[in-house]
Each structure stands twice: as structure tokens, then as C-alpha cells.
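Colleague: The structure follows.
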Amino acid sequence: MKFFIDTANLDQIREAQDLGVLDGVTTNPSLMAKEGITGKANIINHYKAICDIVDGDVSAEVIATDFENIIKEGTELAALHEKIVVKVPMIKDGVKAIKHFSSNGIRTNCTLVFSTGQALLAAKAGATYVSPFIGRLDDISTDGIGLIEDIRLVYDNYNFETQILAASIRHSTHILECARIGADVMTGPLSAILALLKHPLTDSGLAQFLADHAKAAGK
């Protein structure tokens, strides 16, 4: 499973990259604003800076919601760097745009997906990635992990090449559950990735090892 980090924070992206497990980045205007990145020129430069750090794909989201402007914005974003994947919302004109992009060699990430039917449409249109938001579904007492499982079944039934990108990851358990089901990618905060490192037996075992080594070295 690929590990993407969902942020616009360059320090966090560098930390995940240095860890050696990062495969890509997803970001959006909200995450940009959170980092104080505003204005078209600054946003474009920030996308380029992210591409310079990571080795894999970088999802960059369009703001437009009508077909013509989604195409215009998406084409501009894709031209910024070969790593850019155009993030398009799951709406009627978004699906039409995904078909246009896929027919013209531009990779896409269909975002704001909350149902198997939406994921099916995205795959039919040729999306490179589909992003089901499992955390947001959990927030309203709906089974987000179950959605990943259903999409996996449908995609495998018909050999769709669209990759399932589990989004709105909240914690390490989400990551592990998605891995068990067979999500192709997960995207989440750095904290969720780092939490996979932790286990109390690892900590206590290391402490005991170091204590034993110190005793042996003191003899």
C-alpha cells in the first residue's frame, strides 16, 4: 500500500520523506490556507516546492465546479510538474472533466467520494485515483471502512485500474484496516503514520536491552 501524507506543511512532508516510506502528497485549498498560503502565484509555487521534496504523485485540487473551468484549471495544474495529479470533485461536471483528462493523458484524483456508486462512475470515467473519505463517514456513524471494502470488490470484479486512495484517515487503525482490505493508497496526517512505529513492548524491550548493555559495559 502506498503512503501519502495529507498536508501542505513542508516540514511535515520532509519528515515523512526522510522516514523513507512516503509515496506522495495530497493537498487542497483548505490545507494551503491553514499554512498561510494564499494567492494564485503563492499556491503555484507551493505546489512546485512540494514536488521538489517528494518522489511520487502530488494531488493538486481545482477550485472550479463547472466543466470548462475545471478543464482550464486542471490543465494549468498538470502543466506545473509531471508529478501533479489533478484532484477533481465528484460532481457531474467533475466526472465529465475526468473523462476529458483521462482521454488526454492527464492523471486525476476524484475526491469527495462517499458511496460505491460514485466510485464506480469515477472508475468508468478513467480516474487514476478515487478518494473515499472514510473519516468523515465515521463522523456520521457510517461505516467508512466498509465503503473501502465494497469499492475493492466492485473494482476487482471488473478489473478497473483506478486506485483506491483511502482519504480522511484519522489514526493508525484506519491505516491498518485499509491495508487488510486492500486499499491501494492511504492519505492521512503525519501523526497517523508515526503512530505505526509505537508499541509498548518495543519501548520496554529497548529499555531493557540498553540497561543490560550498560551493566555489561560496566563490568
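Residues in the C-alpha cells are numbered from 1 in each chain, the chains being A, B, ... in the order shown, and ligands are numbered from 1 in the order shown.
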Within 7 Å of A:Leu165, counting only C-alpha atoms, which residues qualify if same-chain residues fewer than 5 places away don't, as a list in words?
Modeller: Tyr129, Val130, Ser131, Pro132, Ala183, Asp184, Val185, Met186 and Thr187 of chain A
Colleague: Choose the residue, out of A:Tyr47, A:Leu196, A:Leu80, A:Gly182, that has the smallest atom-to-atom separation from A:Val21; count only C-alpha atoms.
Modeller: A:Leu196
Colleague: Report as CSV the residues of stretch 46-156 of chain A within 10 Å of stretch 169-179 of chain A, each with its shortest atom pair and distance in Å (one decimal), using only C-alpha atoms, ordered by chain and increasing residue number.
Modeller:
residue,atom,partner,partner_atom,distance
A:Pro132,CA,A:Ile169,CA,9.9
A:Phe133,CA,A:Ile169,CA,7.7
A:Ile134,CA,A:Ile169,CA,6.6
A:Gly135,CA,A:Ile169,CA,5.6
A:Arg136,CA,A:Ile169,CA,8.9
A:Asp138,CA,A:Arg170,CA,9.8
A:Gly144,CA,A:His174,CA,9.3
A:Ile145,CA,A:Cys178,CA,6.9
A:Gly146,CA,A:Cys178,CA,9.6
A:Ile148,CA,A:Cys178,CA,7.2
A:Glu149,CA,A:Cys178,CA,8.3
Colleague: Just want the 6 Å neighbourhood of A:Asp6, counted on only C-alpha atoms, with same-chain residues fewer than 2 positions away dropped. Output as a PyMOL selection string.
Modeller: chain A and resi 25-27+187-189
Colleague: If we count only C-alpha atoms and set the cut-off at 9 Å, which residues sit around stretch 92-102 of chain A, ignoring sequence neighbours fewer than 2 positions away in its own chain? Please answer as JSON, numbers by chain.
Modeller: {"A": [65, 66, 67, 68, 70, 71, 74, 75, 86, 88, 89, 90, 104, 105, 106, 107, 108, 109, 110, 121, 122, 124, 125, 126, 127, 128]}
Colleague: Could you pull out the residues in stretch 148-210 of chain A that DSSP calls strand (DSSP E) from the backbone, as a list in words?
Modeller: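 Matching residues for strand (DSSP E) in stretch 148-210 of chain A are Gln163, Ile164, Leu165, Ala166, Val185, Met186, Thr187 and Gly188 of chain A.
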Colleague: Can you tell me, as a PyMOL selection string, which residues in stretch 74-198 of chain A count as helix (DSSP H, G or I) by DSSP?
Modeller: chain A and resi 74-80+92-103+116-125+134-139+144-158+172-181+190-195
Colleague: Using atom CA of A:Ala16 and atom CA of A:Ser168 as the two end points, give the distance in Å to one decimal.
Modeller: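 Taking atom CA of A:Ala16 and atom CA of A:Ser168, their separation equals 17.5 Å.
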Colleague: Restricting the calculation to only C-alpha atoms, which member of A:Ser103, A:Thr202, A:Ser115, A:Thr7 is positioned closest to A:Gly24?
Modeller: A:Thr7
Colleague: Taking into account only C-alpha atoms, which residue in the set A:Phe114, A:Ala78, A:Gly218, A:Leu201 is nearest to A:Ile140?
Modeller: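 For A:Ile140, the nearest of the candidates is A:Phe114.
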Colleague: Grab the atom CA of A:Asn45 to atom CA of A:Phe3 distance for me, in Å with one decimal place.
Modeller: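 For atom CA of A:Asn45 relative to atom CA of A:Phe3, the distance reads 23.6 Å.
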Colleague: Kindly give the distance, in Å, that separates atom CA of A:Val54 and atom CA of A:Ile181, rounded to a single decimal.
Modeller: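 Separation of atom CA of A:Val54 and atom CA of A:Ile181: 26.4 Å.
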